Structures are given as structure tokens and as C-alpha cells.
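Visitor: Quick one: structure below, then a few questions.
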Amino acid sequence: MPARRSLWRAVLAFIAAGTVCGVLVAGLFIPATAMAGAVVSDSIGMLDKLPDDLNLNAPPATSTVLANDGSVIASFYAENRAPVSLEKMSPFIKDGIVAIEDARFYQHGGIDTTGILRALVATAQGGRQGASTLTQQYVNNMIIESLVAQGKSEDVKLGYAKTVGDKLREMKLAIALEKTYSKDQILQGYLNVVYFGNGAYGIDAAAHEYFNVSAAQLTLPQAAALAGVVNSPVYYDPLTQPDHVVSRRNEVLDKMLQQGKISQADHDAAVQAPIGLNVHPASQGCAGAVSAPYFCDYVQRLILNDPAFGPDEDARKKLLYLGGLTIRTTLDPALQKVAQDQVNASMSATDPLQRGASLVSVQPGTGKVLTMAQNTNYNPTAGPGNYTGNFALPERDANGQPLDGAGGFQIGSTMKPFVFAEWLRAGKSMGTVLDGAVRLYRPGYPWQNSCGRTTGSYDPAAGTQLLPNDDANHYVRMSVLQGLYQSINTITFQSAAQLDFCNIQKMATAAGVADGHTNKPYDVSSIASLIGTQDVAPLTMADAYATFAAGGKHCDPIALESVTGPHGKTYPVPDAHCQQAIDPDVAAGVTYALKNVLTRGSGYNIPVSKATDIFAKTGTTDGNTMTWTVGGTSGIATASWFGSYQGIGPRWVNQDITINGRYYVGVDGADIAGGQWGRLMDAAAQRYPGEKFATPPASMTR
């Protein structure tokens, strides 16, 4: 009798299940008005308004930052996903996912009535069995991803939160999907969208995450393990629940054997195989940009600051992380590697001295940023050498938007060429001899400044020192040319005494020099500014010297070549705004003079080939705290900086110091900064050979 009652209960449950199933399926096709008064009328009524096809947004897509050769610098995503075609997936994952999730996938039309009846009977008997087909699961995933892509994650419904209407909508969409796409297209879409846990969306991301192989390279046991994960990525988490994964994997293998997808021998071998994880967690954003993390951060800020990519930063961030952008940049990856190797060799990030090194290069005449390297670790956590500020950049862009820059450093004598350029523009000769012995400048000295007032003094009676040179041997008469290439402060001041400070500032501004904190013009209202007491970013200095290298043509630095969306939409990128900013003869006079720095001036010992037409200027600040070499050819201009980025004061002076086993009485601009600059410029000579510089008119040199 008990057995008979159990049988009757099962039969009744089956009949009840069939009735419910019939109502549900009928609801897909019968207008809601024909079911007025039914319990489910409110839920089913919405079917009249459903589309017959899927009008779903694309799932969140990865944005990729590319170097100028097309190689990947970094990726940005909200979901780690790398869609691949079905042909690039292992046949084991295709067979495995069908075997365990939807054995009748190739027979049904989107919904499986047999499966629904089976699930309802199991439920009536107190059990539980899934009834969703792969097509329905794909629809469900796409609805979720569509909401996420629109920034509506709060509207996502899971499991028991779904109404009957929600379920019916998914069923109707599944039928519509089957009418529109082939089974293989649906399977491909499903395997590219489904979640495999630990941030891996889609089979290719999962294959790389757990086994460090592509989707095409998955073996039978690996594919079976991943096919089992999708049922519950938490319960079947390969990282935390490997025993659960093995049990589920073997269940998948059993199904594949039962359905004739694999042989008994293959099944038995796969069941005995260890899980064999080779975990490679995906790293995204600039922290994952091994070759150029700080350049990556620069590119990220350019996107987040630009209204072309959205009305506010939140919208732009959403586009960057969800929009599937292809961001082509100007970075030269081969030269970037050289730059990174050089700054790392200058001082390791974890060296107890904790000094900084930076190299940044710009192409004259285009403004293209070719390298941007520094010796710290791009890491926000506290630790020796961890630093996310960008040495190369000012704090803000020209529009006042943040750039994550360090704000620049005192530029020392690299400011002198702009004073020299104004001397030439004013019609004076670089051969003019001035008195380098003049060191006293009292308060109230009659400096010319048509823009305002110039202050400051070098006068012991006023509490300041006499104007110093780097050594005691150059307080003599010499030409303005010699004063520049030997970097003599007293000659720079004697030449400035004959110039309008306002015009010196205009010359620096025309070349591109700007304050590293405000991005406003370099301020020459203090006489100390003549020898570089204000902070300027290395990128700014490279760009300004590129103006001289380009014959006076100034271009704003640019890092973006193009930005396109996944469907070919193009976004405008900043223009370099190249224009003739300085008289070509003046630019020729500056490059002519600065070539002497490398042959008989302050940079004579810099290790760089003198065979090319190349120029440079060194710079060193008080206490040797900040040191520079900036210069270039007509093909490339580079700013090199080495110094103390964590502060100023006695602790951070670079005097009486040993670096990389070499003792320095005082680190000069030609030393570490000069060394890394010279080696980078030699590496760049073949890639960016440039041309000979123009000869300045005789009136400038006589």
C-alpha cells in the first residue's frame, strides 16, 4: 500500500506539473487578454509588450591601451572577459558544458518542456532539479550584463527574486534567440559571458586564470572542471574548494561518457588526473602595466579629464571600464624598455636612499610622448619605493584637472637656455663678453620687468649670500655663449640685467615651460627664478626643449593617437596644436650653443655619441637635491631627472653620498641624470635619427 500511495502521488504530481507547464508555455503565445482573471495575469500580461528579438546591450567589455606598435600596455575592465570564437575553444569545453548543463541543447527550441516537467516532478517530490536550458541561461546572463553595462546593477534579479513574469520573459527571449541565431552562435555567446568565479567571465579568461592556457588549449580534465564551475562558482571555487571541483568535474566526465562525447579510456584517465591548477590572477589597470604603469596612468587621466568621453568623471570611468575602448597611444615600447632599464639601474625602488629617477621623451614637431619611465613601484600600498605619483607630470593639466603628477622639481640651470634665447631674440650676439665677477645685487636693483615687479637680492648686507657659481674659477669675463655651455650663474645674471624679465617669461612660455603645480606660466618675478628655483615637470621640460629641436615649432605633448569603441565609434583625441612659437633663427642659436655643453661644457662627460647633431643642458639645485639633463636631436627630445622626491632639507641633499657603490662629493646633473639620458639617446639614435640643425645667422655668433 505505501508503495502504491507513493506511485499515485508521483502520478498526481506529474499531472499537476504538466498543467502548470502547459500554462507557462501557453503564456508565451496566448495574449494576456485571453487569460483575464487568471492568477498569473499580471505577470503574463507584460508578454504583449516584449520584443520578439533580443534588444540587449553588449555585456561590459574590456578597454585596451595599446602602444604605437599595437602591443598591449594595459587593460581596464569591470569584468575580466576576453571573447573568443567557438573555433578557438577546446571541443572538450563545448561538449562538457552541454553534457552537464543542457544535454538536449541541440534538440529543443530554446525551452525544454521535457526538462521543465522533470524539474516540476522533482520539486513536487521534495527534490530539486534545474530546468533552464543553456539558451535561457544565456538570456539570463545577458540581461544581467546589460544592466551592469548601463550602470543599473541594483536592478539585477537573481533566483527567488524573480517573478513569474520575469521567468516567462526569459523563456520568450530564449525562443526568440533560437529563431535568430544558430545553436553554435548561442553556445559561443554563452561560453563568452558566463561567470567562472574569481573575477573570470567567459571561458578564455577562466582558462588563463586557473590553468594559464587559452580556451583552445584546455585539456579534457581542465575543460570538465570549468564546465562544472558555472553551476555555482562559489561552491565549486577552484581556489578554495578544490575537492568540490574534482567531484563536480568527475560528474561532468560521467555525463560526457554517457552521452558518447568521450571514450571510456579518456574518461578513466581524466577522472584520475589531479586538478592541476596553474593560477595566474588577472591584473588590470595601470598596476598590471608592467612596462609603462606611469604612462598608463597618464593615459587614464587623459580619458577621465576629457568631456569628449562623458559629461563627468563618473561617466568617463564607466566608459573606460565597461565600454570596450581601443586606446592607441604614442608610446614606443622598445624605447620605453630602455628608459625603464636605465631608471631602474640608476637606483632601485627599494634602495634605502629612496631617491627618484625619471626619463621622458617627446618627438619634436609632433609632441608625441615616446617614453615615460621612473624607478618607483606603481603601488598605492605603503612600502619602500611604492609611489603612484608620476614624476614626469605636473599636478594639473592646462584646464586645472588632476594629472596624478608629482608637480615637478626645481629645474636649476636648465632654465638658462630660455634667458639665452631671449638674449638672441633681443638682437644680441652670443659672442658678447660680460663680467662674470659681478656677484652683488642689492635689494631694489633696477631690473626691467614690463609685466610687473622683480624682487630678490644677492647681498650679505640684506641677509643673503653673494651670487655663487659652481666653482671659484669662473668669476671672470667671458662670452654669453661660454657662460651658457659652462653654466655660469654670474653670466646669466649679467645678461638678464640687459633684458626685460617679462620677455624672458614670454620666451619660456612660448617654448612650453609652465609651473609644475598650477600649470600656469613659469614665474620670473624673483631673480632666483633665473637659475631654476621653481618646480617644472620633466614632461614639460622635454616638450620645451623639443621646441628648440623643432626649429622653434612648439607642440603640446600628446599621448593619444586614437580612441575607438567596439562598434567603430570614434572619439576625438587632443590635438598637439603645433605652431611656430619661437623665431627659427633663435632656436638655431640655442641648439648651436647647447651642442657645446656635450663637448666642452658642463656635460662633457655624459656618455652619449657626439657623432649626431645633439644638444643638452645640465642642471643642479642647492644641495645637489635635484639634478637634470635635458636635450635632444631633431628626432627626439628627452628630459632626465634624478633627485629627492620625498622632501627637501638636510636628509635629502645629494652630497657626501654613495650611490651604486660610487662615492659623490656632490651629485651633478651630468652624473646620474646625464648617464641615463645619454644611454637612452644613444638607443634612440637609430629609431629617431633626426636631421642636422640649422646654422644661426652670423650676427648671433660673431
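Starting from 1 in every chain, residues are counted up; chains themselves are A, B, ... following the order of the C-alpha cells, and ligands are numbered from 1 as listed.
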If you run DSSP on the backbone here, which positions in segment 415-649 of chain A get strand (DSSP E)? Please write them as a count of residues only.
Guide: 39
Visitor: If you count only C-alpha atoms, which residues fall within 9 Å of segment 200-203 of chain A, apart from same-chain ones fewer than 2 positions away, as a list in words?
Guide: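 Residues meeting the cut-off are Glu79, Asn80, Arg81, Ala82, Pro83, Val84, Met89, Ile93, Gly189, Tyr190, Leu191, Asn192, Val193, Val194, Tyr195, Phe196, Gly197, Asn198, Ala205, Ala206, Ala207, His208, Glu209, Ser214, Ala215, Leu226, Pro281 and Ala282 of chain A.
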Visitor: Keeping only C-alpha atoms, write the selected residues to a file as a PDB file, in the first residue's frame.
Guide:
```pdb
ATOM      1  CA  GLU A  79      34.656  42.143 -15.655  1.00  0.00           C
ATOM      2  CA  ASN A  80      37.661  40.133 -16.796  1.00  0.00           C
ATOM      3  CA  ARG A  81      36.480  38.966 -20.202  1.00  0.00           C
ATOM      4  CA  ALA A  82      38.197  38.091 -23.491  1.00  0.00           C
ATOM      5  CA  PRO A  83      35.612  36.881 -26.035  1.00  0.00           C
ATOM      6  CA  VAL A  84      36.810  34.217 -28.470  1.00  0.00           C
ATOM      7  CA  MET A  89      37.602  26.913 -27.782  1.00  0.00           C
ATOM      8  CA  ILE A  93      34.590  22.599 -23.068  1.00  0.00           C
ATOM      9  CA  GLY A 189      27.849  33.607 -26.691  1.00  0.00           C
ATOM     10  CA  TYR A 190      27.085  31.636 -23.538  1.00  0.00           C
ATOM     11  CA  LEU A 191      30.679  30.488 -23.058  1.00  0.00           C
ATOM     12  CA  ASN A 192      31.905  34.038 -23.526  1.00  0.00           C
ATOM     13  CA  VAL A 193      29.522  35.562 -20.984  1.00  0.00           C
ATOM     14  CA  VAL A 194      29.098  33.017 -18.189  1.00  0.00           C
ATOM     15  CA  TYR A 195      30.873  33.587 -14.853  1.00  0.00           C
ATOM     16  CA  PHE A 196      33.549  31.122 -13.716  1.00  0.00           C
ATOM     17  CA  GLY A 197      34.353  32.737 -10.370  1.00  0.00           C
ATOM     18  CA  ASN A 198      37.237  34.830  -9.047  1.00  0.00           C
ATOM     19  CA  ALA A 205      39.512  34.406 -19.074  1.00  0.00           C
ATOM     20  CA  ALA A 206      38.820  31.351 -16.904  1.00  0.00           C
ATOM     21  CA  ALA A 207      41.336  29.213 -18.795  1.00  0.00           C
ATOM     22  CA  HIS A 208      44.049  31.800 -18.278  1.00  0.00           C
ATOM     23  CA  GLU A 209      43.047  32.468 -14.669  1.00  0.00           C
ATOM     24  CA  SER A 214      43.996  29.717 -23.764  1.00  0.00           C
ATOM     25  CA  ALA A 215      40.475  28.378 -24.194  1.00  0.00           C
ATOM     26  CA  LEU A 226      35.491  24.518 -15.683  1.00  0.00           C
ATOM     27  CA  PRO A 281      45.155  36.054 -11.419  1.00  0.00           C
ATOM     28  CA  ALA A 282      44.320  38.690 -13.969  1.00  0.00           C
TER      29      ALA A 282
END
```
Visitor: To one decimal place, how far is atom CA of Tyr545 of chain A from atom CA of Asp471 of chain A in Å?
Guide: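 So the answer is 26.5 Å.
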Visitor: What's the 9 Å shell around Gln655 of chain A, counting only C-alpha atoms, without same-chain residues fewer than 5 positions away, as a list in words?
Guide: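 Contacts, in chain order: Gly623, Asn624, Thr625, Tyr664, Val665, Gly666 and Val667 of chain A.
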Visitor: Quote the spacing between atom CA of Thr376 of chain A and atom CA of Ala349 of chain A in Å to one decimal place.
Guide: 4.7 Å
Visitor: Residues at most 9 Å from Leu66 of chain A, counting only C-alpha atoms, excluding those fewer than 2 positions away in the same chain, as a list in words?
Guide: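 The contact residues come out as Thr64, Asn68, Asp69, Gly70, Ser71, Val72, Ile73, Ala74, Ser75, Thr326, Ile327, Arg328, Thr329, Thr330 and Leu331 of chain A.
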Visitor: Which residue out of A:Ala287, A:Ala670, A:Ile527, A:Leu440 has the minimum interatomic distance to Ser487 of chain A when only C-alpha atoms are used?
Guide: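 Of A:Ala287, A:Ala670, A:Ile527, A:Leu440, the one nearest Ser487 of chain A is A:Ala670, counting only C-alpha atoms.
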Visitor: Kindly assemble as a Markdown table a list of the segment 390-416 of chain A residues that lie within 12 Å of segment 546-561 of chain A, each paired with its nearest atom pair and their distance in Å to one decimal, using only C-alpha atoms, sorted first by chain and then by ascending residue number.
Guide:
```
| residue | atom | partner | partner_atom | distance |
| --- | --- | --- | --- | --- |
| A:Ala392 | CA | A:Pro557 | CA | 11.8 |
| A:Leu393 | CA | A:Pro557 | CA | 10.9 |
| A:Asp397 | CA | A:Pro557 | CA | 11.0 |
| A:Ala398 | CA | A:Asp556 | CA | 10.4 |
```
Visitor: Convert the current residue selection to file output with N, CA and C atoms, as a PDB file, in the first residue's frame.
Guide:
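Written output follows (part-v9.pdb):
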```pdb
ATOM      1  N   ALA A 392      56.961  62.497 -13.991  1.00  0.00           N
ATOM      2  CA  ALA A 392      57.048  63.204 -15.272  1.00  0.00           C
ATOM      3  C   ALA A 392      56.026  64.310 -15.424  1.00  0.00           C
ATOM      4  N   LEU A 393      54.972  64.298 -14.603  1.00  0.00           N
ATOM      5  CA  LEU A 393      53.823  65.155 -14.882  1.00  0.00           C
ATOM      6  C   LEU A 393      53.645  66.284 -13.868  1.00  0.00           C
ATOM      7  N   ASP A 397      46.463  69.578 -15.399  1.00  0.00           N
ATOM      8  CA  ASP A 397      46.598  69.909 -16.807  1.00  0.00           C
ATOM      9  C   ASP A 397      46.264  71.380 -17.026  1.00  0.00           C
ATOM     10  N   ALA A 398      46.264  71.802 -18.265  1.00  0.00           N
ATOM     11  CA  ALA A 398      46.046  73.213 -18.578  1.00  0.00           C
ATOM     12  C   ALA A 398      44.658  73.693 -18.193  1.00  0.00           C
TER      13      ALA A 398
END
```
Visitor: For the atom pair atom CA of Tyr458 of chain A and atom CA of Gln494 of chain A, what is the interatomic distance in Å to one decimal place?
Guide: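 Separating atom CA of Tyr458 of chain A from atom CA of Gln494 of chain A is a distance of 13.1 Å.
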Visitor: Where in segment 365-552 of chain A does DSSP assign alpha helix (DSSP H), given as an NGL selection string?
Guide: :A and (416-425 or 480-485 or 489-496 or 501-511 or 538-549)
Visitor: Mind dumping the selected residues with N, CA and C atoms as a compact mmCIF listing (two decimals), in the first residue's frame?
Guide:
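File written: result-v1.txt
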```txt
# COMPACT_ATOMS: atom_id res chain seq x y z
N LYS A 416 68.37 78.23 -17.90
CA LYS A 416 69.23 79.24 -18.53
C LYS A 416 69.06 79.38 -20.05
N PRO A 417 68.80 78.27 -20.80
CA PRO A 417 68.63 78.45 -22.25
C PRO A 417 67.49 79.40 -22.63
N PHE A 418 66.49 79.58 -21.78
CA PHE A 418 65.38 80.47 -22.11
C PHE A 418 65.80 81.93 -21.92
N VAL A 419 66.66 82.18 -20.94
CA VAL A 419 67.26 83.52 -20.79
C VAL A 419 68.14 83.79 -22.01
N PHE A 420 68.93 82.79 -22.41
CA PHE A 420 69.81 82.91 -23.56
C PHE A 420 69.00 83.14 -24.84
N ALA A 421 67.88 82.43 -24.97
CA ALA A 421 67.04 82.59 -26.16
C ALA A 421 66.50 84.02 -26.25
N GLU A 422 66.10 84.59 -25.12
CA GLU A 422 65.62 85.97 -25.13
C GLU A 422 66.75 86.94 -25.45
N TRP A 423 67.95 86.62 -25.01
CA TRP A 423 69.12 87.44 -25.36
C TRP A 423 69.28 87.50 -26.88
N LEU A 424 69.16 86.34 -27.54
CA LEU A 424 69.27 86.31 -29.01
C LEU A 424 68.08 87.00 -29.67
N ARG A 425 66.88 86.78 -29.15
CA ARG A 425 65.70 87.41 -29.74
C ARG A 425 65.79 88.92 -29.67
N VAL A 480 78.77 85.32 -23.56
CA VAL A 480 77.47 84.78 -23.16
C VAL A 480 77.38 83.32 -23.57
N LEU A 481 77.96 82.95 -24.73
CA LEU A 481 77.98 81.57 -25.17
C LEU A 481 78.70 80.69 -24.16
N GLN A 482 79.90 81.08 -23.77
CA GLN A 482 80.65 80.28 -22.81
C GLN A 482 79.92 80.22 -21.47
N GLY A 483 79.30 81.31 -21.09
CA GLY A 483 78.56 81.33 -19.84
C GLY A 483 77.41 80.32 -19.84
N LEU A 484 76.81 80.10 -21.03
CA LEU A 484 75.72 79.12 -21.11
C LEU A 484 76.26 77.70 -21.07
N TYR A 485 77.23 77.37 -21.93
CA TYR A 485 77.62 75.97 -22.00
C TYR A 485 78.42 75.51 -20.78
N ASN A 489 76.41 81.04 -13.43
CA ASN A 489 75.30 81.85 -12.92
C ASN A 489 75.53 83.34 -13.12
N THR A 490 76.75 83.78 -12.85
CA THR A 490 77.01 85.23 -12.90
C THR A 490 76.85 85.78 -14.31
N ILE A 491 77.14 85.00 -15.33
CA ILE A 491 76.95 85.46 -16.71
C ILE A 491 75.46 85.49 -17.04
N THR A 492 74.71 84.49 -16.58
CA THR A 492 73.25 84.51 -16.80
C THR A 492 72.64 85.77 -16.20
N PHE A 493 73.06 86.15 -14.99
CA PHE A 493 72.51 87.35 -14.35
C PHE A 493 72.94 88.61 -15.06
N GLN A 494 74.17 88.66 -15.55
CA GLN A 494 74.62 89.84 -16.27
C GLN A 494 73.86 90.01 -17.59
N SER A 495 73.52 88.89 -18.24
CA SER A 495 72.73 89.00 -19.47
C SER A 495 71.29 89.40 -19.14
N ALA A 496 70.72 88.84 -18.07
CA ALA A 496 69.34 89.19 -17.68
C ALA A 496 69.23 90.65 -17.28
N PHE A 501 62.50 91.12 -17.97
CA PHE A 501 62.09 89.85 -17.36
C PHE A 501 60.75 89.37 -17.92
N CYS A 502 59.91 90.31 -18.27
CA CYS A 502 58.62 89.93 -18.86
C CYS A 502 58.84 89.16 -20.15
N ASN A 503 59.81 89.57 -20.95
CA ASN A 503 60.10 88.89 -22.21
C ASN A 503 60.78 87.54 -21.98
N ILE A 504 61.56 87.43 -20.90
CA ILE A 504 62.14 86.12 -20.56
C ILE A 504 61.02 85.15 -20.24
N GLN A 505 60.04 85.62 -19.47
CA GLN A 505 58.90 84.77 -19.14
C GLN A 505 58.13 84.39 -20.39
N LYS A 506 57.94 85.34 -21.29
CA LYS A 506 57.21 85.05 -22.53
C LYS A 506 57.96 84.04 -23.39
N MET A 507 59.29 84.12 -23.39
CA MET A 507 60.09 83.16 -24.15
C MET A 507 59.91 81.75 -23.59
N ALA A 508 60.00 81.63 -22.26
CA ALA A 508 59.82 80.32 -21.63
C ALA A 508 58.42 79.77 -21.90
N THR A 509 57.44 80.65 -21.82
CA THR A 509 56.05 80.23 -22.05
C THR A 509 55.85 79.80 -23.50
N ALA A 510 56.46 80.52 -24.43
CA ALA A 510 56.34 80.16 -25.85
C ALA A 510 56.92 78.77 -26.10
N ALA A 511 57.99 78.45 -25.41
CA ALA A 511 58.60 77.13 -25.58
C ALA A 511 57.76 76.03 -24.94
N PRO A 538 59.19 67.08 -15.61
CA PRO A 538 60.06 66.60 -16.68
C PRO A 538 59.41 66.56 -18.06
N LEU A 539 58.12 66.16 -18.15
CA LEU A 539 57.46 66.16 -19.45
C LEU A 539 57.44 67.56 -20.03
N THR A 540 57.18 68.54 -19.19
CA THR A 540 57.15 69.93 -19.64
C THR A 540 58.51 70.36 -20.16
N MET A 541 59.58 69.96 -19.46
CA MET A 541 60.93 70.33 -19.89
C MET A 541 61.30 69.63 -21.19
N ALA A 542 60.95 68.37 -21.32
CA ALA A 542 61.23 67.66 -22.57
C ALA A 542 60.51 68.35 -23.73
N ASP A 543 59.28 68.76 -23.50
CA ASP A 543 58.49 69.42 -24.53
C ASP A 543 59.07 70.78 -24.89
N ALA A 544 59.54 71.51 -23.89
CA ALA A 544 60.10 72.84 -24.15
C ALA A 544 61.39 72.74 -24.96
N TYR A 545 62.25 71.78 -24.62
CA TYR A 545 63.49 71.61 -25.38
C TYR A 545 63.20 71.05 -26.77
N ALA A 546 62.09 70.30 -26.90
CA ALA A 546 61.68 69.83 -28.22
C ALA A 546 61.33 71.01 -29.13
N THR A 547 60.87 72.11 -28.51
CA THR A 547 60.57 73.31 -29.30
C THR A 547 61.84 73.84 -29.96
N PHE A 548 62.95 73.88 -29.22
CA PHE A 548 64.22 74.29 -29.82
C PHE A 548 64.64 73.30 -30.90
N ALA A 549 64.47 71.99 -30.61
CA ALA A 549 64.89 70.96 -31.56
C ALA A 549 64.09 71.00 -32.86
```
Visitor: As a compact mmCIF listing (two decimals) with N, CA and C atoms, in the first residue's frame, please: the residues near segment 227-232 of chain A (cut-off 6 Å, only C-alpha atoms, same-chain neighbours under 2 positions excluded).
Guide:
```
# COMPACT_ATOMS: atom_id res chain seq x y z
N GLY A 96 31.52 19.42 -22.83
CA GLY A 96 31.34 19.30 -21.39
C GLY A 96 30.23 20.18 -20.87
N ILE A 97 30.15 21.42 -21.35
CA ILE A 97 29.12 22.33 -20.84
C ILE A 97 27.74 21.89 -21.29
N PHE A 196 32.81 32.28 -14.21
CA PHE A 196 33.55 31.12 -13.72
C PHE A 196 34.19 31.37 -12.35
N ALA A 224 36.47 19.89 -18.25
CA ALA A 224 35.39 19.32 -17.44
C ALA A 224 35.30 20.03 -16.10
N ALA A 225 36.45 20.40 -15.53
CA ALA A 225 36.44 21.12 -14.26
C ALA A 225 35.76 22.47 -14.42
N VAL A 234 30.83 29.75 -6.40
CA VAL A 234 31.32 29.83 -5.02
C VAL A 234 31.54 28.43 -4.46
N TYR A 235 30.53 27.57 -4.60
CA TYR A 235 30.65 26.21 -4.06
C TYR A 235 31.72 25.42 -4.81
N TYR A 236 31.82 25.67 -6.11
CA TYR A 236 32.82 24.97 -6.92
C TYR A 236 33.99 25.90 -7.25
N ARG A 248 32.69 17.52 -8.89
CA ARG A 248 31.82 18.02 -9.96
C ARG A 248 32.43 17.71 -11.33
N ARG A 249 33.75 17.84 -11.44
CA ARG A 249 34.41 17.52 -12.71
C ARG A 249 34.14 16.08 -13.12
```
Visitor: Given the choices A:Gln222, A:Asn596, A:Gln498, A:Gln410, which gets closest to Asp622 of chain A if the distance is worked out from only C-alpha atoms?
Guide: A:Gln410
Visitor: Report as a ChimeraX atom specification all protein, DNA and RNA residues lying within 10 Å of Gln354 of chain A, evaluated on only C-alpha atoms, omitting residues in the same chain fewer than 6 positions from it.
Guide: /A:347-348,375-376,384-385,643-646,652
Visitor: Could you turn the residues from that selection into a file that holds N, CA and C atoms, as a PDB file, in the first residue's frame?
Guide:
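Output contents, as saved in result24.pdb:
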```pdb
ATOM      1  N   MET A 347      68.831  53.804  -9.675  1.00  0.00           N
ATOM      2  CA  MET A 347      68.596  53.450  -8.272  1.00  0.00           C
ATOM      3  C   MET A 347      67.361  52.574  -8.191  1.00  0.00           C
ATOM      4  N   SER A 348      67.484  51.436  -7.515  1.00  0.00           N
ATOM      5  CA  SER A 348      66.330  50.558  -7.388  1.00  0.00           C
ATOM      6  C   SER A 348      65.292  51.215  -6.492  1.00  0.00           C
ATOM      7  N   ASN A 375      61.643  55.083 -11.528  1.00  0.00           N
ATOM      8  CA  ASN A 375      62.211  53.923 -10.838  1.00  0.00           C
ATOM      9  C   ASN A 375      61.412  53.440  -9.640  1.00  0.00           C
ATOM     10  N   THR A 376      60.245  53.988  -9.375  1.00  0.00           N
ATOM     11  CA  THR A 376      59.439  53.546  -8.242  1.00  0.00           C
ATOM     12  C   THR A 376      58.447  52.463  -8.673  1.00  0.00           C
ATOM     13  N   PRO A 384      58.609  50.668   0.956  1.00  0.00           N
ATOM     14  CA  PRO A 384      59.756  51.320   0.317  1.00  0.00           C
ATOM     15  C   PRO A 384      59.650  51.287  -1.200  1.00  0.00           C
ATOM     16  N   GLY A 385      59.708  52.445  -1.809  1.00  0.00           N
ATOM     17  CA  GLY A 385      59.677  52.525  -3.267  1.00  0.00           C
ATOM     18  C   GLY A 385      58.306  52.468  -3.889  1.00  0.00           C
ATOM     19  N   GLY A 643      66.804  62.748  -8.331  1.00  0.00           N
ATOM     20  CA  GLY A 643      66.808  63.583  -7.140  1.00  0.00           C
ATOM     21  C   GLY A 643      65.952  63.023  -6.033  1.00  0.00           C
ATOM     22  N   SER A 644      65.624  63.896  -5.112  1.00  0.00           N
ATOM     23  CA  SER A 644      64.875  63.510  -3.920  1.00  0.00           C
ATOM     24  C   SER A 644      63.419  63.904  -4.091  1.00  0.00           C
ATOM     25  N   TYR A 645      62.553  62.908  -4.094  1.00  0.00           N
ATOM     26  CA  TYR A 645      61.140  63.175  -4.343  1.00  0.00           C
ATOM     27  C   TYR A 645      60.308  63.179  -3.071  1.00  0.00           C
ATOM     28  N   GLN A 646      60.905  62.826  -1.949  1.00  0.00           N
ATOM     29  CA  GLN A 646      60.131  62.735  -0.720  1.00  0.00           C
ATOM     30  C   GLN A 646      60.300  63.946   0.188  1.00  0.00           C
ATOM     31  N   TRP A 652      67.859  65.040   2.514  1.00  0.00           N
ATOM     32  CA  TRP A 652      67.671  64.723   1.097  1.00  0.00           C
ATOM     33  C   TRP A 652      68.711  65.355   0.178  1.00  0.00           C
TER      34      TRP A 652
END
```
Visitor: With only C-alpha atoms as the basis for distance, which of A:Ile111, A:Ala461, A:Leu134, A:Ala334 is at the shortest distance from Ile175 of chain A?
Guide: A:Ile111
